[in-house]
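**Q** Data file target09.pdb (PDB, C-alpha atoms) is appended below.
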```
ATOM      1  CA  MET U   1    -120.858  20.928 -65.010
ATOM      2  CA  SER U   2    -119.657  18.845 -62.330
ATOM      3  CA  GLN U   3    -116.642  18.272 -64.294
ATOM      4  CA  LEU U   4    -116.241  21.907 -64.555
ATOM      5  CA  LEU U   5    -116.579  22.361 -60.851
ATOM      6  CA  THR U   6    -113.960  19.776 -60.181
ATOM      7  CA  VAL U   7    -111.640  21.405 -62.617
ATOM      8  CA  ALA U   8    -112.399  24.796 -61.085
ATOM      9  CA  ALA U   9    -111.812  23.458 -57.555
ATOM     10  CA  GLU U  10    -108.567  21.920 -58.598
ATOM     11  CA  GLU U  11    -107.526  25.165 -60.168
ATOM     12  CA  MET U  12    -108.251  26.994 -56.962
ATOM     13  CA  GLU U  13    -105.913  24.872 -54.933
ATOM     14  CA  SER U  14    -102.386  26.199 -54.987
ATOM     15  CA  PRO U  15     -99.538  23.835 -55.628
ATOM     16  CA  LEU U  16     -97.468  25.579 -52.971
ATOM     17  CA  ILE U  17     -99.911  25.120 -50.147
ATOM     18  CA  PRO U  18    -100.397  21.440 -49.274
ATOM     19  CA  PRO U  19    -103.685  20.071 -48.145
ATOM     20  CA  ILE U  20    -104.390  20.489 -44.422
ATOM     21  CA  PRO U  21    -104.536  16.769 -43.483
ATOM     22  CA  GLU U  22    -101.161  16.177 -45.140
ATOM     23  CA  LEU U  23     -99.779  19.229 -43.379
ATOM     24  CA  VAL U  24    -100.936  17.984 -39.944
ATOM     25  CA  ILE U  25     -99.573  14.451 -40.527
ATOM     26  CA  GLY U  26     -96.239  15.850 -41.753
ATOM     27  CA  LEU U  27     -96.014  18.196 -38.750
ATOM     28  CA  ILE U  28     -96.715  15.323 -36.288
ATOM     29  CA  ALA U  29     -94.128  13.110 -38.018
ATOM     30  CA  PHE U  30     -91.584  15.958 -37.912
ATOM     31  CA  LEU U  31     -92.143  16.563 -34.186
ATOM     32  CA  ILE U  32     -91.782  12.832 -33.440
ATOM     33  CA  VAL U  33     -88.508  12.614 -35.419
ATOM     34  CA  PHE U  34     -87.302  15.886 -33.899
ATOM     35  CA  GLY U  35     -88.128  14.700 -30.383
ATOM     36  CA  LEU U  36     -86.349  11.380 -30.896
ATOM     37  CA  LEU U  37     -83.288  13.137 -32.296
ATOM     38  CA  ALA U  38     -83.284  15.687 -29.466
ATOM     39  CA  TRP U  39     -83.767  12.928 -26.859
ATOM     40  CA  LYS U  40     -81.192  10.427 -28.245
ATOM     41  CA  LEU U  41     -78.838  12.233 -30.597
ATOM     42  CA  LEU U  42     -78.528  15.715 -29.078
ATOM     43  CA  PRO U  43     -76.910  14.548 -25.777
ATOM     44  CA  ASN U  44     -74.332  12.533 -27.747
ATOM     45  CA  ILE U  45     -73.622  15.505 -29.991
ATOM     46  CA  ASN U  46     -73.268  17.812 -26.975
ATOM     47  CA  LYS U  47     -71.027  15.266 -25.259
ATOM     48  CA  VAL U  48     -68.762  15.010 -28.304
ATOM     49  CA  LEU U  49     -68.655  18.808 -28.639
ATOM     50  CA  ASP U  50     -67.776  19.202 -24.932
ATOM     51  CA  GLU U  51     -65.025  16.615 -25.228
ATOM     52  CA  ARG U  52     -63.710  18.350 -28.314
ATOM     53  CA  ARG U  53     -63.780  21.764 -26.604
ATOM     54  CA  GLU U  54     -61.968  20.333 -23.545
ATOM     55  CA  ALA U  55     -59.399  18.673 -25.786
ATOM     56  CA  ILE U  56     -58.810  21.934 -27.638
ATOM     57  CA  GLU U  57     -58.568  23.931 -24.422
ATOM     58  CA  GLY U  58     -56.267  21.277 -22.910
ATOM     59  CA  GLY U  59     -54.175  21.314 -26.069
ATOM     60  CA  ILE U  60     -53.899  25.091 -25.878
ATOM     61  CA  GLU U  61     -52.917  24.899 -22.207
ATOM     62  CA  LYS U  62     -50.382  22.177 -22.991
ATOM     63  CA  ALA U  63     -49.025  24.232 -25.876
ATOM     64  CA  ASP U  64     -48.727  27.293 -23.624
ATOM     65  CA  ALA U  65     -46.994  25.205 -20.956
ATOM     66  CA  ALA U  66     -44.669  23.684 -23.534
ATOM     67  CA  GLN U  67     -43.900  27.125 -24.935
ATOM     68  CA  THR U  68     -43.169  28.475 -21.449
ATOM     69  CA  GLU U  69     -40.942  25.479 -20.718
ATOM     70  CA  ALA U  70     -39.188  25.866 -24.063
ATOM     71  CA  GLN U  71     -38.601  29.548 -23.317
ATOM     72  CA  SER U  72     -37.101  28.727 -19.907
ATOM     73  CA  VAL U  73     -34.903  26.019 -21.435
ATOM     74  CA  LEU U  74     -33.797  28.493 -24.108
ATOM     75  CA  GLU U  75     -32.873  31.024 -21.420
ATOM     76  CA  GLN U  76     -30.933  28.323 -19.559
ATOM     77  CA  TYR U  77     -29.068  27.379 -22.717
ATOM     78  CA  LYS U  78     -28.294  31.022 -23.426
ATOM     79  CA  ALA U  79     -26.990  31.434 -19.878
ATOM     80  CA  GLN U  80     -24.903  28.256 -20.187
ATOM     81  CA  LEU U  81     -23.566  29.402 -23.548
ATOM     82  CA  ALA U  82     -22.626  32.798 -22.122
ATOM     83  CA  GLU U  83     -20.965  31.076 -19.169
ATOM     84  CA  ALA U  84     -19.106  28.706 -21.508
ATOM     85  CA  ARG U  85     -17.900  31.637 -23.608
ATOM     86  CA  HIS U  86     -16.749  33.448 -20.483
ATOM     87  CA  GLU U  87     -14.978  30.304 -19.259
ATOM     88  CA  ALA U  88     -13.319  29.830 -22.660
ATOM     89  CA  ALA U  89     -12.124  33.449 -22.633
ATOM     90  CA  ARG U  90     -10.784  32.998 -19.100
ATOM     91  CA  MET U  91      -9.001  29.765 -20.070
ATOM     92  CA  ARG U  92      -7.565  31.427 -23.171
ATOM     93  CA  GLN U  93      -6.288  34.315 -21.008
ATOM     94  CA  GLU U  94      -4.762  31.882 -18.501
ATOM     95  CA  ALA U  95      -3.105  29.951 -21.326
ATOM     96  CA  GLN U  96      -1.631  33.166 -22.719
ATOM     97  CA  GLU U  97      -0.362  34.160 -19.278
ATOM     98  CA  GLN U  98       1.103  30.695 -18.733
ATOM     99  CA  GLY U  99       2.675  30.889 -22.183
ATOM    100  CA  VAL U 100       4.319  34.203 -21.287
ATOM    101  CA  VAL U 101       5.576  32.756 -17.990
ATOM    102  CA  ILE U 102       6.914  29.648 -19.737
ATOM    103  CA  ILE U 103       8.635  31.775 -22.374
ATOM    104  CA  GLN U 104      10.222  33.912 -19.657
ATOM    105  CA  GLU U 105      11.342  30.803 -17.764
ATOM    106  CA  MET U 106      12.773  29.287 -20.949
ATOM    107  CA  ARG U 107      14.596  32.536 -21.737
ATOM    108  CA  ALA U 108      16.004  32.661 -18.204
ATOM    109  CA  GLU U 109      17.043  29.008 -18.437
ATOM    110  CA  GLY U 110      18.583  29.639 -21.848
ATOM    111  CA  GLN U 111      20.415  32.686 -20.503
ATOM    112  CA  ARG U 112      21.661  30.663 -17.518
ATOM    113  CA  GLN U 113      22.861  27.839 -19.795
ATOM    114  CA  ARG U 114      24.470  30.398 -22.112
ATOM    115  CA  GLU U 115      26.323  31.925 -19.158
ATOM    116  CA  GLU U 116      27.430  28.465 -18.029
ATOM    117  CA  ILE U 117      28.649  27.615 -21.517
ATOM    118  CA  ILE U 118      30.462  30.955 -21.808
ATOM    119  CA  ALA U 119      32.036  30.497 -18.362
ATOM    120  CA  ALA U 120      33.054  26.938 -19.242
ATOM    121  CA  GLY U 121      34.453  28.198 -22.541
ATOM    122  CA  HIS U 122      36.427  30.958 -20.823
ATOM    123  CA  ALA U 123      37.738  28.463 -18.264
ATOM    124  CA  GLN U 124      38.710  26.077 -21.066
ATOM    125  CA  ILE U 125      40.359  28.894 -23.021
ATOM    126  CA  GLU U 126      42.250  30.002 -19.896
ATOM    127  CA  ALA U 127      43.368  26.419 -19.221
ATOM    128  CA  ASP U 128      44.407  26.002 -22.861
ATOM    129  CA  ARG U 129      46.237  29.348 -22.778
ATOM    130  CA  LYS U 130      48.101  28.345 -19.612
ATOM    131  CA  ALA U 131      48.970  24.957 -21.078
ATOM    132  CA  ALA U 132      50.105  26.576 -24.338
ATOM    133  CA  SER U 133      52.087  29.210 -22.415
ATOM    134  CA  SER U 134      53.799  26.531 -20.325
ATOM    135  CA  ALA U 135      54.608  24.450 -23.389
ATOM    136  CA  LEU U 136      55.790  27.546 -25.217
ATOM    137  CA  ARG U 137      58.030  28.524 -22.287
ATOM    138  CA  GLN U 138      59.641  25.098 -22.303
ATOM    139  CA  ASP U 139      60.115  25.126 -26.052
ATOM    140  CA  VAL U 140      61.432  28.678 -26.080
ATOM    141  CA  GLY U 141      63.717  27.873 -23.147
ATOM    142  CA  THR U 142      65.090  24.808 -24.882
ATOM    143  CA  LEU U 143      65.606  26.640 -28.150
ATOM    144  CA  ALA U 144      67.149  29.687 -26.451
ATOM    145  CA  THR U 145      69.566  27.512 -24.464
ATOM    146  CA  ALA U 146      70.557  25.590 -27.559
ATOM    147  CA  LEU U 147      71.063  28.832 -29.489
ATOM    148  CA  ALA U 148      73.038  30.434 -26.651
ATOM    149  CA  GLY U 149      75.168  27.307 -26.355
ATOM    150  CA  LYS U 150      75.983  27.493 -30.063
ATOM    151  CA  LEU U 151      76.815  31.164 -29.784
ATOM    152  CA  VAL U 152      78.987  30.726 -26.727
ATOM    153  CA  GLY U 153      80.472  27.533 -27.966
ATOM    154  CA  GLU U 154      79.877  25.479 -24.874
ATOM    155  CA  SER U 155      76.945  23.563 -23.529
ATOM    156  CA  LEU U 156      74.535  25.334 -21.215
ATOM    157  CA  GLU U 157      72.748  22.274 -19.988
ATOM    158  CA  ASP U 158      72.400  23.271 -16.361
ATOM    159  CA  HIS U 159      68.654  22.899 -16.065
ATOM    160  CA  ALA U 160      68.098  25.049 -12.975
ATOM    161  CA  ARG U 161      70.019  27.955 -14.381
ATOM    162  CA  GLN U 162      68.451  27.529 -17.780
ATOM    163  CA  SER U 163      64.865  27.555 -16.513
ATOM    164  CA  GLY U 164      65.513  30.511 -14.170
ATOM    165  CA  THR U 165      67.033  32.569 -16.988
ATOM    166  CA  VAL U 166      64.279  31.701 -19.427
ATOM    167  CA  ASP U 167      61.514  32.368 -16.886
ATOM    168  CA  ARG U 168      62.984  35.752 -15.984
ATOM    169  CA  PHE U 169      63.314  36.706 -19.645
ATOM    170  CA  LEU U 170      59.733  35.661 -20.465
ATOM    171  CA  ASP U 171      58.363  37.447 -17.361
ATOM    172  CA  GLU U 172      60.068  40.632 -18.485
ATOM    173  CA  LEU U 173      58.549  40.250 -21.959
ATOM    174  CA  GLU U 174      55.062  39.706 -20.509
ATOM    175  CA  ALA U 175      55.415  42.733 -18.233
ATOM    176  CA  LYS U 176      56.425  44.886 -21.190
ATOM    177  CA  ALA U 177      53.499  43.560 -23.258
ATOM    178  CA  GLU U 178      51.004  44.330 -20.481
ATOM    179  CA  ALA U 179      52.440  47.805 -20.008
ATOM    180  CA  VAL U 180      51.918  48.521 -23.707
ATOM    181  CA  ARG U 181      48.260  47.535 -23.539
TER     182      ARG U 181
END
```
What's the structure tokens form of this structure?
**A**
Amino acid sequence: MSQLLTVAAEEMESPLIPPIPELVIGLIAFLIVFGLLAWKLLPNINKVLDERREAIEGGIEKADAAQTEAQSVLEQYKAQLAEARHEAARMRQEAQEQGVVIIQEMRAEGQRQREEIIAAGHAQIEADRKAASSALRQDVGTLATALAGKLVGESLEDHARQSGTVDRFLDELEAKAEAVR
């Protein structure tokens, strides 16, 4: 029977509920380990977590500051770009205006040179016409005197008379030609 009682007592104990002395020893061991961890490890863990939180908050603040600075730099660049575009447009306008002025000056200079060339050409033509007219008068006078001398049969070599007669004849011809025009 005693064996039966032992078997019955063992059957009565539940495998889920540990014996009381083991439970007390386990609880004391747990509290000692928990106390040591809380006393030694928990301050280090809290310190690391605080440092991490400060680093994250500092990183966020730095990121916000960097973003604000980047935004201000972007605005400055946009302003500089707008100013550069305005300056380029102004320079382009000035260049066009200068180009127009230069073209006008070159046209005026070309016109002035053209007028000078035309005036020089007219003066040269007038000088050539006078030279040709003088040469023609002499040649016509010489030929007319020679022809008249052959017709008359005697020499008409008196130079003063010859040139006066020829000049008067040619002046009459020129006057008639101008009257016809």
**Q** Write out as a list in words which residues come within 8 Å of Arg137 in chain U when counting all atoms listed in the file, dropping same-chain ones fewer than 2 positions away.
**A**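 Residues meeting the cut-off are Ser133, Ser134, Ala135, Asp139, Val140, Gly141, Val166, Asp167 and Leu170 of chain U.
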**Q** Could you tell me how far CA of Glu174 in chain U lies from CA of Ala132 in chain U, in Å and to one decimal?
**A**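 CA of Ala132 in chain U lies 14.5 Å from CA of Glu174 in chain U.
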**Q** So the first atom is CA of Val33 in chain U and the second is CA of Ile20 in chain U; what is the distance between them in Å, to one decimal place?
**A**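 Those two atoms sit 19.9 Å apart.
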**Q** Please measure the separation of CA of Glu94 in chain U and CA of Lys78 in chain U, giving the value in Å to one decimal.
**A**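 The value is 24.1 Å.
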